[in-house]
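Q: This is the content of run.cif (mmCIF, C-alpha atoms):
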```
data_entry
#
loop_
_atom_site.group_PDB
_atom_site.id
_atom_site.type_symbol
_atom_site.label_atom_id
_atom_site.label_comp_id
_atom_site.auth_asym_id
_atom_site.auth_seq_id
_atom_site.Cartn_x
_atom_site.Cartn_y
_atom_site.Cartn_z
ATOM 1 C CA MET A 1 -177.886 -67.133 56.270
ATOM 2 C CA LEU A 2 -175.442 -67.300 53.372
ATOM 3 C CA PHE A 3 -171.682 -67.285 53.913
ATOM 4 C CA LEU A 4 -169.819 -66.367 50.744
ATOM 5 C CA ASP A 5 -166.035 -66.454 50.481
ATOM 6 C CA GLU A 6 -163.748 -64.449 48.214
ATOM 7 C CA HIS A 7 -163.994 -66.881 45.311
ATOM 8 C CA GLU A 8 -167.791 -66.923 45.387
ATOM 9 C CA VAL A 9 -167.972 -63.137 45.458
ATOM 10 C CA HIS A 10 -165.729 -62.856 42.403
ATOM 11 C CA ARG A 11 -167.733 -65.539 40.597
ATOM 12 C CA LEU A 12 -171.090 -63.929 41.327
ATOM 13 C CA TYR A 13 -170.135 -60.282 40.767
ATOM 14 C CA PRO A 14 -168.815 -59.657 37.243
ATOM 15 C CA VAL A 15 -167.157 -56.373 36.356
ATOM 16 C CA LYS A 16 -169.843 -55.177 33.933
ATOM 17 C CA ALA A 17 -172.605 -55.772 36.462
ATOM 18 C CA ALA A 18 -170.584 -53.977 39.131
ATOM 19 C CA ILE A 19 -170.039 -50.921 36.910
ATOM 20 C CA ASP A 20 -173.753 -50.608 36.149
ATOM 21 C CA LEU A 21 -174.705 -51.116 39.788
ATOM 22 C CA MET A 22 -172.146 -48.623 41.118
ATOM 23 C CA ALA A 23 -173.425 -45.960 38.727
ATOM 24 C CA GLU A 24 -176.848 -46.467 40.281
ATOM 25 C CA ALA A 25 -175.312 -46.384 43.792
ATOM 26 C CA MET A 26 -173.754 -42.986 43.112
ATOM 27 C CA ARG A 27 -176.992 -41.651 41.667
ATOM 28 C CA ARG A 28 -178.913 -42.790 44.742
ATOM 29 C CA TYR A 29 -176.329 -41.298 47.090
ATOM 30 C CA SER A 30 -176.477 -37.874 45.445
ATOM 31 C CA SER A 31 -180.286 -38.103 45.226
ATOM 32 C CA GLY A 32 -180.620 -38.363 49.012
ATOM 33 C CA LEU A 33 -181.794 -41.990 48.982
ATOM 34 C CA VAL A 34 -178.937 -43.177 51.195
ATOM 35 C CA THR A 35 -178.609 -42.876 54.957
ATOM 36 C CA GLN A 36 -175.076 -43.447 56.200
ATOM 37 C CA PRO A 37 -172.719 -41.872 58.730
ATOM 38 C CA LEU A 38 -169.038 -41.302 58.115
ATOM 39 C CA ARG A 39 -167.064 -44.470 58.713
ATOM 40 C CA THR A 40 -166.050 -45.120 62.304
ATOM 41 C CA ILE A 41 -162.354 -45.856 62.818
ATOM 42 C CA LEU A 42 -161.078 -47.636 65.930
ATOM 43 C CA ARG A 43 -157.288 -47.346 66.445
ATOM 44 C CA PRO A 44 -156.256 -49.026 69.717
ATOM 45 C CA PRO A 45 -152.874 -47.737 70.976
ATOM 46 C CA THR A 46 -151.646 -51.319 71.393
ATOM 47 C CA GLU A 47 -152.424 -52.302 67.781
ATOM 48 C CA THR A 48 -150.695 -51.574 64.477
ATOM 49 C CA GLY A 49 -153.982 -51.970 62.631
ATOM 50 C CA LEU A 50 -157.446 -50.501 62.848
ATOM 51 C CA LEU A 51 -161.108 -51.468 62.624
ATOM 52 C CA GLY A 52 -163.431 -49.538 60.343
ATOM 53 C CA THR A 53 -167.206 -49.916 60.345
ATOM 54 C CA MET A 54 -169.574 -48.591 57.675
ATOM 55 C CA PRO A 55 -173.348 -48.997 58.256
ATOM 56 C CA CYS A 56 -175.857 -47.930 55.642
ATOM 57 C CA HIS A 57 -179.469 -47.918 54.536
ATOM 58 C CA VAL A 58 -180.345 -47.648 50.833
ATOM 59 C CA ALA A 59 -183.830 -46.710 49.653
ATOM 60 C CA GLY A 60 -185.242 -47.340 46.185
ATOM 61 C CA ASP A 61 -186.146 -50.325 44.055
ATOM 62 C CA GLY A 62 -183.855 -53.362 44.133
ATOM 63 C CA HIS A 63 -180.576 -53.903 45.985
ATOM 64 C CA ALA A 64 -181.924 -51.780 48.852
ATOM 65 C CA GLY A 65 -182.113 -52.170 52.619
ATOM 66 C CA PHE A 66 -179.723 -52.238 55.565
ATOM 67 C CA GLY A 67 -176.105 -53.230 55.188
ATOM 68 C CA LEU A 68 -172.843 -53.080 57.106
ATOM 69 C CA LYS A 69 -169.168 -53.422 56.304
ATOM 70 C CA ALA A 70 -166.610 -54.150 59.014
ATOM 71 C CA MET A 71 -162.959 -54.155 57.963
ATOM 72 C CA VAL A 72 -159.693 -54.687 59.797
ATOM 73 C CA LEU A 73 -156.638 -53.073 58.227
ATOM 74 C CA LYS A 74 -153.417 -54.878 59.148
ATOM 75 C CA PRO A 75 -150.213 -53.323 57.729
ATOM 76 C CA GLU A 76 -148.358 -56.623 58.180
ATOM 77 C CA ASN A 77 -150.728 -58.602 55.961
ATOM 78 C CA PRO A 78 -149.165 -58.003 52.516
ATOM 79 C CA ALA A 79 -145.891 -59.515 53.758
ATOM 80 C CA ARG A 80 -147.926 -62.547 54.845
ATOM 81 C CA GLY A 81 -149.448 -62.903 51.410
ATOM 82 C CA LEU A 82 -152.797 -61.572 52.650
ATOM 83 C CA ASP A 83 -154.868 -58.539 51.715
ATOM 84 C CA LEU A 84 -154.214 -55.321 53.602
ATOM 85 C CA HIS A 85 -157.954 -55.135 54.308
ATOM 86 C CA ILE A 86 -159.748 -58.112 55.891
ATOM 87 C CA GLY A 87 -163.412 -58.120 56.813
ATOM 88 C CA VAL A 88 -167.028 -58.857 56.024
ATOM 89 C CA VAL A 89 -170.023 -57.253 54.358
ATOM 90 C CA MET A 90 -173.429 -58.101 55.840
ATOM 91 C CA VAL A 91 -176.821 -57.428 54.309
ATOM 92 C CA PHE A 92 -180.203 -57.870 55.988
ATOM 93 C CA ASP A 93 -183.535 -59.009 54.608
ATOM 94 C CA PRO A 94 -185.443 -55.805 53.746
ATOM 95 C CA ASP A 95 -188.738 -57.210 55.060
ATOM 96 C CA THR A 96 -187.772 -59.047 58.225
ATOM 97 C CA GLY A 97 -184.344 -57.729 59.132
ATOM 98 C CA ARG A 98 -182.940 -61.265 59.248
ATOM 99 C CA PRO A 99 -179.261 -61.445 58.323
ATOM 100 C CA LEU A 100 -179.433 -62.441 54.677
ATOM 101 C CA ALA A 101 -175.748 -62.949 53.878
ATOM 102 C CA VAL A 102 -172.220 -62.460 55.150
ATOM 103 C CA MET A 103 -169.494 -62.230 52.537
ATOM 104 C CA ASP A 104 -165.825 -61.473 52.048
ATOM 105 C CA ALA A 105 -165.352 -57.707 52.206
ATOM 106 C CA GLY A 106 -161.948 -57.704 50.530
ATOM 107 C CA ALA A 107 -163.445 -59.056 47.311
ATOM 108 C CA ILE A 108 -166.421 -56.685 47.485
ATOM 109 C CA THR A 109 -164.105 -53.718 48.075
ATOM 110 C CA ALA A 110 -161.777 -54.650 45.234
ATOM 111 C CA ILE A 111 -164.601 -55.019 42.725
ATOM 112 C CA ARG A 112 -166.802 -52.102 43.749
ATOM 113 C CA THR A 113 -163.963 -49.585 44.140
ATOM 114 C CA ALA A 114 -162.612 -50.253 40.665
ATOM 115 C CA ALA A 115 -166.138 -50.284 39.263
ATOM 116 C CA VAL A 116 -166.806 -46.789 40.624
ATOM 117 C CA SER A 117 -163.519 -45.618 39.104
ATOM 118 C CA ALA A 118 -164.739 -47.028 35.802
ATOM 119 C CA VAL A 119 -167.981 -45.058 36.181
ATOM 120 C CA ALA A 120 -165.945 -41.903 36.868
ATOM 121 C CA THR A 121 -163.698 -42.635 33.891
ATOM 122 C CA ASP A 122 -166.654 -43.092 31.577
ATOM 123 C CA ALA A 123 -168.193 -39.833 32.805
ATOM 124 C CA LEU A 124 -165.088 -37.627 33.042
ATOM 125 C CA ALA A 125 -162.201 -38.978 30.937
ATOM 126 C CA PRO A 126 -161.664 -37.967 27.305
ATOM 127 C CA ALA A 127 -163.476 -40.325 24.960
ATOM 128 C CA GLY A 128 -160.213 -41.459 23.392
ATOM 129 C CA ALA A 129 -158.279 -41.951 26.632
ATOM 130 C CA GLY A 130 -156.446 -45.262 26.491
ATOM 131 C CA ASP A 131 -152.854 -44.664 27.597
ATOM 132 C CA LEU A 132 -153.129 -45.979 31.149
ATOM 133 C CA ALA A 133 -150.723 -45.576 34.055
ATOM 134 C CA VAL A 134 -151.369 -47.637 37.179
ATOM 135 C CA LEU A 135 -149.483 -46.688 40.328
ATOM 136 C CA GLY A 136 -149.508 -49.641 42.690
ATOM 137 C CA SER A 137 -149.528 -53.315 41.774
ATOM 138 C CA GLY A 138 -151.687 -54.779 44.542
ATOM 139 C CA VAL A 139 -155.328 -55.826 44.699
ATOM 140 C CA GLN A 140 -156.680 -52.436 43.637
ATOM 141 C CA GLY A 141 -154.050 -52.041 40.921
ATOM 142 C CA ARG A 142 -155.206 -55.309 39.410
ATOM 143 C CA SER A 143 -158.929 -54.665 39.756
ATOM 144 C CA HIS A 144 -158.513 -51.211 38.228
ATOM 145 C CA LEU A 145 -156.807 -52.564 35.133
ATOM 146 C CA ARG A 146 -159.714 -54.952 34.663
ATOM 147 C CA SER A 147 -162.309 -52.197 35.104
ATOM 148 C CA MET A 148 -160.498 -49.636 32.929
ATOM 149 C CA ALA A 149 -160.409 -52.179 30.109
ATOM 150 C CA ALA A 150 -164.199 -52.473 30.421
ATOM 151 C CA VAL A 151 -164.845 -48.777 29.679
ATOM 152 C CA ARG A 152 -161.921 -47.720 27.473
ATOM 153 C CA GLU A 153 -159.932 -49.357 24.697
ATOM 154 C CA LEU A 154 -156.451 -49.504 26.184
ATOM 155 C CA ARG A 155 -153.661 -48.943 23.695
ATOM 156 C CA ARG A 156 -150.845 -48.805 26.258
ATOM 157 C CA VAL A 157 -150.523 -49.758 29.939
ATOM 158 C CA ARG A 158 -147.723 -48.961 32.349
ATOM 159 C CA VAL A 159 -147.402 -49.969 35.997
ATOM 160 C CA TRP A 160 -145.173 -48.673 38.765
ATOM 161 C CA SER A 161 -144.608 -50.276 42.144
ATOM 162 C CA ARG A 162 -142.205 -49.558 44.990
ATOM 163 C CA THR A 163 -141.257 -53.240 44.782
ATOM 164 C CA PRO A 164 -139.968 -54.217 41.304
ATOM 165 C CA GLU A 165 -140.821 -57.884 41.902
ATOM 166 C CA HIS A 166 -144.457 -56.940 42.484
ATOM 167 C CA ALA A 167 -144.551 -54.937 39.260
ATOM 168 C CA ALA A 168 -143.087 -57.898 37.362
ATOM 169 C CA ALA A 169 -145.715 -60.204 38.874
ATOM 170 C CA TYR A 170 -148.402 -57.700 37.840
ATOM 171 C CA ARG A 171 -147.150 -57.771 34.253
ATOM 172 C CA GLU A 172 -147.272 -61.579 34.205
ATOM 173 C CA TRP A 173 -150.755 -61.601 35.726
ATOM 174 C CA ALA A 174 -152.083 -59.094 33.176
ATOM 175 C CA ALA A 175 -150.718 -61.126 30.291
ATOM 176 C CA ALA A 176 -152.105 -64.419 31.602
ATOM 177 C CA GLU A 177 -155.484 -63.259 32.925
ATOM 178 C CA LEU A 178 -156.420 -60.311 30.699
ATOM 179 C CA ASP A 179 -154.196 -60.760 27.638
ATOM 180 C CA VAL A 180 -152.910 -57.218 28.231
ATOM 181 C CA ASP A 181 -149.302 -56.223 27.647
ATOM 182 C CA VAL A 182 -148.045 -54.118 30.563
ATOM 183 C CA GLU A 183 -144.803 -52.144 30.671
ATOM 184 C CA VAL A 184 -143.004 -51.853 34.013
ATOM 185 C CA ALA A 185 -141.992 -48.233 34.663
ATOM 186 C CA PRO A 186 -138.829 -47.547 36.682
ATOM 187 C CA ASP A 187 -140.358 -44.570 38.503
ATOM 188 C CA VAL A 188 -143.600 -42.656 38.897
ATOM 189 C CA ARG A 189 -142.672 -39.869 36.497
ATOM 190 C CA SER A 190 -141.878 -42.352 33.734
ATOM 191 C CA ALA A 191 -145.154 -44.172 34.317
ATOM 192 C CA LEU A 192 -147.133 -40.933 34.009
ATOM 193 C CA ALA A 193 -145.363 -39.516 30.946
ATOM 194 C CA GLY A 194 -147.984 -39.084 28.236
ATOM 195 C CA ALA A 195 -150.661 -41.095 30.079
ATOM 196 C CA ASP A 196 -154.173 -39.713 29.590
ATOM 197 C CA LEU A 197 -155.702 -42.128 32.109
ATOM 198 C CA VAL A 198 -154.190 -42.629 35.579
ATOM 199 C CA CYS A 199 -155.157 -44.828 38.527
ATOM 200 C CA THR A 200 -153.302 -44.278 41.814
ATOM 201 C CA THR A 201 -153.859 -47.268 44.091
ATOM 202 C CA THR A 202 -151.058 -47.098 46.648
ATOM 203 C CA ALA A 203 -151.028 -46.981 50.453
ATOM 204 C CA SER A 204 -148.693 -43.976 50.412
ATOM 205 C CA LYS A 205 -148.700 -41.542 53.319
ATOM 206 C CA GLU A 206 -146.740 -38.917 51.370
ATOM 207 C CA PRO A 207 -147.260 -37.566 47.816
ATOM 208 C CA ILE A 208 -145.824 -39.642 44.997
ATOM 209 C CA VAL A 209 -147.223 -37.547 42.110
ATOM 210 C CA GLU A 210 -145.572 -34.160 41.684
ATOM 211 C CA PRO A 211 -146.565 -31.044 39.680
ATOM 212 C CA GLY A 212 -145.776 -31.220 35.974
ATOM 213 C CA TRP A 213 -145.839 -35.015 35.844
ATOM 214 C CA VAL A 214 -149.484 -35.418 34.765
ATOM 215 C CA ALA A 215 -150.233 -34.930 31.064
ATOM 216 C CA PRO A 216 -152.627 -32.049 30.238
ATOM 217 C CA GLY A 217 -156.173 -33.279 29.725
ATOM 218 C CA ALA A 218 -155.624 -36.532 31.614
ATOM 219 C CA HIS A 219 -158.152 -38.092 33.953
ATOM 220 C CA LEU A 220 -156.995 -39.371 37.354
ATOM 221 C CA ASN A 221 -158.738 -41.894 39.579
ATOM 222 C CA VAL A 222 -157.156 -41.298 42.997
ATOM 223 C CA VAL A 223 -157.995 -44.364 45.051
ATOM 224 C CA GLY A 224 -155.308 -44.781 47.707
ATOM 225 C CA GLY A 225 -155.091 -42.479 50.698
ATOM 226 C CA SER A 226 -158.580 -43.110 52.063
ATOM 227 C CA PHE A 227 -157.693 -41.614 55.445
ATOM 228 C CA ALA A 228 -156.995 -38.027 56.475
ATOM 229 C CA ASP A 229 -153.331 -38.803 57.226
ATOM 230 C CA ALA A 230 -152.593 -40.387 53.822
ATOM 231 C CA ARG A 231 -152.178 -38.837 50.375
ATOM 232 C CA GLU A 232 -150.830 -39.694 46.926
ATOM 233 C CA LEU A 233 -150.753 -36.301 45.169
ATOM 234 C CA ALA A 234 -148.763 -33.158 45.805
ATOM 235 C CA SER A 235 -151.007 -30.236 46.745
ATOM 236 C CA ARG A 236 -150.378 -28.327 43.513
ATOM 237 C CA VAL A 237 -151.534 -31.318 41.431
ATOM 238 C CA VAL A 238 -154.879 -31.201 43.236
ATOM 239 C CA ALA A 239 -155.094 -27.412 42.979
ATOM 240 C CA ASP A 240 -154.564 -27.520 39.209
ATOM 241 C CA ALA A 241 -157.230 -30.192 38.585
ATOM 242 C CA ALA A 242 -161.004 -30.195 38.285
ATOM 243 C CA VAL A 243 -161.907 -32.324 41.310
ATOM 244 C CA PHE A 244 -164.901 -34.657 41.610
ATOM 245 C CA VAL A 245 -165.667 -36.890 44.608
ATOM 246 C CA ASP A 246 -167.938 -39.718 45.656
ATOM 247 C CA SER A 247 -169.140 -37.740 48.694
ATOM 248 C CA ARG A 248 -168.543 -34.106 49.609
ATOM 249 C CA GLU A 249 -168.882 -34.967 53.299
ATOM 250 C CA SER A 250 -166.386 -37.844 53.136
ATOM 251 C CA ALA A 251 -163.921 -35.837 51.057
ATOM 252 C CA ALA A 252 -163.938 -32.897 53.458
ATOM 253 C CA THR A 253 -163.359 -35.138 56.468
ATOM 254 C CA GLU A 254 -161.334 -38.110 55.260
ATOM 255 C CA SER A 255 -159.238 -37.112 52.242
ATOM 256 C CA GLY A 256 -155.636 -36.139 52.949
ATOM 257 C CA ASP A 257 -155.280 -35.342 49.246
ATOM 258 C CA LEU A 258 -157.853 -32.559 49.616
ATOM 259 C CA ARG A 259 -157.292 -31.490 53.212
ATOM 260 C CA ALA A 260 -153.578 -30.762 52.684
ATOM 261 C CA PRO A 261 -153.935 -28.190 49.855
ATOM 262 C CA LEU A 262 -156.886 -26.667 51.708
ATOM 263 C CA ALA A 263 -154.740 -26.186 54.826
ATOM 264 C CA GLU A 264 -151.977 -24.698 52.660
ATOM 265 C CA GLY A 265 -154.366 -22.169 51.141
ATOM 266 C CA LEU A 266 -153.946 -23.526 47.599
ATOM 267 C CA ILE A 267 -157.634 -24.406 47.272
ATOM 268 C CA GLY A 268 -160.834 -23.257 48.899
ATOM 269 C CA PRO A 269 -163.701 -25.306 50.337
ATOM 270 C CA ASP A 270 -165.521 -24.980 47.003
ATOM 271 C CA HIS A 271 -162.711 -26.555 44.957
ATOM 272 C CA VAL A 272 -164.702 -29.775 44.544
ATOM 273 C CA ARG A 273 -166.742 -29.370 41.361
ATOM 274 C CA ALA A 274 -169.370 -32.009 42.099
ATOM 275 C CA GLU A 275 -170.105 -35.461 43.398
ATOM 276 C CA LEU A 276 -169.926 -38.175 40.763
ATOM 277 C CA GLY A 277 -173.617 -38.878 41.328
ATOM 278 C CA GLU A 278 -174.443 -35.265 40.504
ATOM 279 C CA VAL A 279 -172.667 -35.627 37.162
ATOM 280 C CA LEU A 280 -174.529 -38.858 36.411
ATOM 281 C CA LEU A 281 -177.853 -37.209 37.291
ATOM 282 C CA GLY A 282 -177.148 -34.357 34.885
ATOM 283 C CA GLY A 283 -176.757 -31.741 37.602
ATOM 284 C CA HIS A 284 -173.182 -30.958 36.566
ATOM 285 C CA PRO A 285 -171.606 -31.185 33.098
ATOM 286 C CA GLY A 286 -168.396 -32.843 34.325
ATOM 287 C CA ARG A 287 -165.275 -32.178 32.262
ATOM 288 C CA GLY A 288 -165.106 -28.579 31.080
ATOM 289 C CA SER A 289 -162.704 -28.926 28.142
ATOM 290 C CA ALA A 290 -160.336 -31.342 26.414
ATOM 291 C CA GLU A 291 -157.341 -29.602 28.026
ATOM 292 C CA GLU A 292 -158.713 -29.782 31.555
ATOM 293 C CA THR A 293 -157.245 -32.337 33.961
ATOM 294 C CA THR A 294 -160.007 -34.137 35.836
ATOM 295 C CA LEU A 295 -159.510 -35.875 39.167
ATOM 296 C CA TYR A 296 -161.908 -38.298 40.808
ATOM 297 C CA LYS A 297 -161.112 -38.760 44.493
ATOM 298 C CA SER A 298 -162.473 -42.083 45.728
ATOM 299 C CA LEU A 299 -162.982 -42.538 49.470
ATOM 300 C CA GLY A 300 -165.348 -45.499 49.310
ATOM 301 C CA LEU A 301 -168.920 -45.361 50.596
ATOM 302 C CA ALA A 302 -171.046 -47.797 52.544
ATOM 303 C CA VAL A 303 -173.761 -47.559 49.864
ATOM 304 C CA GLN A 304 -171.322 -49.165 47.429
ATOM 305 C CA ASP A 305 -170.787 -52.106 49.774
ATOM 306 C CA THR A 306 -174.448 -52.481 50.679
ATOM 307 C CA MET A 307 -175.758 -52.492 47.118
ATOM 308 C CA SER A 308 -172.936 -54.825 46.085
ATOM 309 C CA GLY A 309 -173.794 -57.108 48.985
ATOM 310 C CA PHE A 310 -177.436 -57.328 47.974
ATOM 311 C CA TYR A 311 -176.469 -58.075 44.377
ATOM 312 C CA VAL A 312 -174.120 -60.897 45.393
ATOM 313 C CA ALA A 313 -176.551 -62.354 47.923
ATOM 314 C CA ARG A 314 -179.400 -62.437 45.419
ATOM 315 C CA ALA A 315 -177.178 -63.914 42.729
ATOM 316 C CA ALA A 316 -176.266 -66.706 45.152
ATOM 317 C CA LEU A 317 -179.887 -67.305 46.132
ATOM 318 C CA GLU A 318 -180.892 -67.484 42.473
ATOM 319 C CA GLY A 319 -178.239 -70.142 41.887
ATOM 320 C CA ARG A 320 -176.258 -68.200 39.282
#
```
Would you put the structure from the file into structure tokens?
A:
Amino acid sequence: MLFLDEHEVHRLYPVKAAIDLMAEAMRRYSSGLVTQPLRTILRPPTETGLLGTMPCHVAGDGHAGFGLKAMVLKPENPARGLDLHIGVVMVFDPDTGRPLAVMDAGAITAIRTAAVSAVATDALAPAGAGDLAVLGSGVQGRSHLRSMAAVRELRRVRVWSRTPEHAAAYREWAAAELDVDVEVAPDVRSALAGADLVCTTTASKEPIVEPGWVAPGAHLNVVGGSFADARELASRVVADAAVFVDSRESAATESGDLRAPLAEGLIGPDHVRAELGEVLLGGHPGRGSAEETTLYKSLGLAVQDTMSGFYVARAALEGR
């Protein structure tokens, strides 16, 4: 059985490969080739953190079989210099069921989440979108800048963080690692002004994006707030956007960004236009006009982890 740490996962799973693979993952999910329950969340009353488990089976050719992600979320970790999410992804030999590989789930999650956002951006954002605002300067903020640069030519990048020191570190990282010049915005509204491409990657429990702040025709990848009690957007922002999701079932159950405006009567249960996989399969046209604001709400699916896990495991076995 292979044991692959964070560095090996990043080495074996390049952004371009992840984007192509995650497009296929979303197509398979919306085609009915994936068997997975909603994630199970364990919140002991004596703990500040939680355990989430995400089992899955993927059918089809290549990168298919049983997989499992188990993640512990510890709110204290960022202050310790650790990821908020700590865990493992396991994949099993499709023929025998033997555990094939165990690998760092934080790295898998960072790469695959941003890769799916890149798929959504390529499918839904205006062709010329390149004025990027990133809200949040952590792991997902960094991986999203890398993935956005893979699908759009970025002409301007702004970042906002609650902690100015983190935003400054993000700017230095982007210059050193990606050769990208990043402006540090003093507040969310300034970061969003004129941006036609937005990635929200915060752990906010309350809305940080208010009505009137998003430029008409922009595309938003809403990545933070992956639990029902967390949200990044004010309800009216969601109501005014054309909403696409990774999974209708997950969005209805787990997304605070969608559940809040639904409870307030601002949207109906049919407000979600389509799953991303349905757009990729040609079952929905996606963006309706240049003036329309599109919103991709990412919850994260076990199929994304399982197919990523098989890719990484096979790359390791092939000695790449």
Q: Residues picked by the PyMOL selection byres ((chain A and resi 5) around 6) here, as number ranges by chain?
A: A: 4, 6-8, 103-104
Q: Apply the PyMOL selection byres ((chain A and resi 25-36) around 8) to the file shown and report the selected residues as a ChimeraX atom specification.
A: /A:21-24,37-38,54-60,246,275-278,280-281,302-304,307
Q: Starting from the shown file, work through the PyMOL selection byres ((chain A and resi 226-242) around 9) and note down what comes out as a CSV table (one decimal) with C-alpha atoms, in the frame of the given file.
A:
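Generated file (expr-v1.csv):
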```
chain,number,residue,atom,x,y,z
A,200,THR,CA,-153.3,-44.3,41.8
A,201,THR,CA,-153.9,-47.3,44.1
A,202,THR,CA,-151.1,-47.1,46.6
A,203,ALA,CA,-151.0,-47.0,50.5
A,204,SER,CA,-148.7,-44.0,50.4
A,205,LYS,CA,-148.7,-41.5,53.3
A,206,GLU,CA,-146.7,-38.9,51.4
A,207,PRO,CA,-147.3,-37.6,47.8
A,208,ILE,CA,-145.8,-39.6,45.0
A,209,VAL,CA,-147.2,-37.5,42.1
A,210,GLU,CA,-145.6,-34.2,41.7
A,211,PRO,CA,-146.6,-31.0,39.7
A,212,GLY,CA,-145.8,-31.2,36.0
A,213,TRP,CA,-145.8,-35.0,35.8
A,214,VAL,CA,-149.5,-35.4,34.8
A,222,VAL,CA,-157.2,-41.3,43.0
A,223,VAL,CA,-158.0,-44.4,45.1
A,224,GLY,CA,-155.3,-44.8,47.7
A,225,GLY,CA,-155.1,-42.5,50.7
A,243,VAL,CA,-161.9,-32.3,41.3
A,244,PHE,CA,-164.9,-34.7,41.6
A,253,THR,CA,-163.4,-35.1,56.5
A,254,GLU,CA,-161.3,-38.1,55.3
A,255,SER,CA,-159.2,-37.1,52.2
A,256,GLY,CA,-155.6,-36.1,52.9
A,257,ASP,CA,-155.3,-35.3,49.2
A,258,LEU,CA,-157.9,-32.6,49.6
A,259,ARG,CA,-157.3,-31.5,53.2
A,260,ALA,CA,-153.6,-30.8,52.7
A,261,PRO,CA,-153.9,-28.2,49.9
A,262,LEU,CA,-156.9,-26.7,51.7
A,264,GLU,CA,-152.0,-24.7,52.7
A,266,LEU,CA,-153.9,-23.5,47.6
A,267,ILE,CA,-157.6,-24.4,47.3
A,271,HIS,CA,-162.7,-26.6,45.0
A,272,VAL,CA,-164.7,-29.8,44.5
A,273,ARG,CA,-166.7,-29.4,41.4
A,286,GLY,CA,-168.4,-32.8,34.3
A,287,ARG,CA,-165.3,-32.2,32.3
A,288,GLY,CA,-165.1,-28.6,31.1
A,292,GLU,CA,-158.7,-29.8,31.6
A,293,THR,CA,-157.2,-32.3,34.0
A,294,THR,CA,-160.0,-34.1,35.8
A,295,LEU,CA,-159.5,-35.9,39.2
A,296,TYR,CA,-161.9,-38.3,40.8
A,298,SER,CA,-162.5,-42.1,45.7
A,299,LEU,CA,-163.0,-42.5,49.5
A,300,GLY,CA,-165.3,-45.5,49.3
```
Q: Rounded to one decimal in Å, what is the spacing between CA of Gly141 in chain A and CA of Ala316 in chain A?
A: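 Separation between CA of Gly141 in chain A and CA of Ala316 in chain A: 27.0 Å.
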Q: Calculate how many Å separate CA of Arg156 in chain A from CA of His10 in chain A, rounding to one decimal.
A: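 Distance between the two atoms: 26.1 Å.
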Q: Find the residue from A:Pro269, A:Gly128, A:Arg39, A:Gly194 that sits nearest to Ala252 in chain A; use all atoms listed in the file when measuring.
A: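 Closest to Ala252 in chain A of all the choices is A:Pro269.
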Q: Under the rule that all atoms listed in the file are counted, which of A:Val198, A:Val89, A:Ala193, A:Met71 is the nearest residue to His144 in chain A?
A: A:Val198
Q: Just the number, please: distance in Å from CA of Leu42 in chain A to CA of Val88 in chain A, one decimal.
A: 16.1 Å
Q: Would you mind telling me which residue in A:Lys69, A:Val157, A:Val180, A:Ser250 lies nearest to Ala101 in chain A when using all atoms listed in the file?
A: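 Closest to Ala101 in chain A of all the choices is A:Lys69.
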Q: Which is closest to Ala191 in chain A among A:Asp131, A:Glu249, A:Glu172, A:Glu153, if we use only C-alpha atoms?
A: A:Asp131
Q: My list of candidates is A:Ser308, A:Glu177, A:Tyr170, A:Pro285. Which is closest to Pro14 in chain A when distances are computed with all atoms listed in the file?
A: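 Of A:Ser308, A:Glu177, A:Tyr170, A:Pro285, the one nearest Pro14 in chain A is A:Ser308, counting all atoms listed in the file.
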Q: Put a box with edges along x, y and z around all the listed atoms of range 159-175 of chain A, pad it by 3 Å on each side, then give me its centre and sizes in Å, one decimal, as JSON.
A:
```
{"center_x": -146.0, "center_y": -55.1, "center_z": 37.6, "size_x": 18.1, "size_y": 18.9, "size_z": 20.7}
```
Q: When you count all atoms listed in the file, which of these residues is closest to Val9 in chain A: A:Gly283, A:Pro126, A:Pro164, A:Gly309?
A: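 For Val9 in chain A, the nearest of the given residues is A:Gly309.
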Q: Can you tell me which residues surround Lys74 in chain A at a distance of at most 10 Å, considering only C-alpha atoms, apart from same-chain residues fewer than 6 positions away, and format the answer as a VMD selection string?
A: chain A and resid 47 to 51 82 to 86
Q: Applying 10 Å and all atoms listed in the file, which residues near Pro99 in chain A remain after dropping the ones on its own chain fewer than 2 positions away? List them as a VMD selection string.
A: chain A and resid 1 to 2 66 to 67 90 to 94 96 to 97 101 to 102
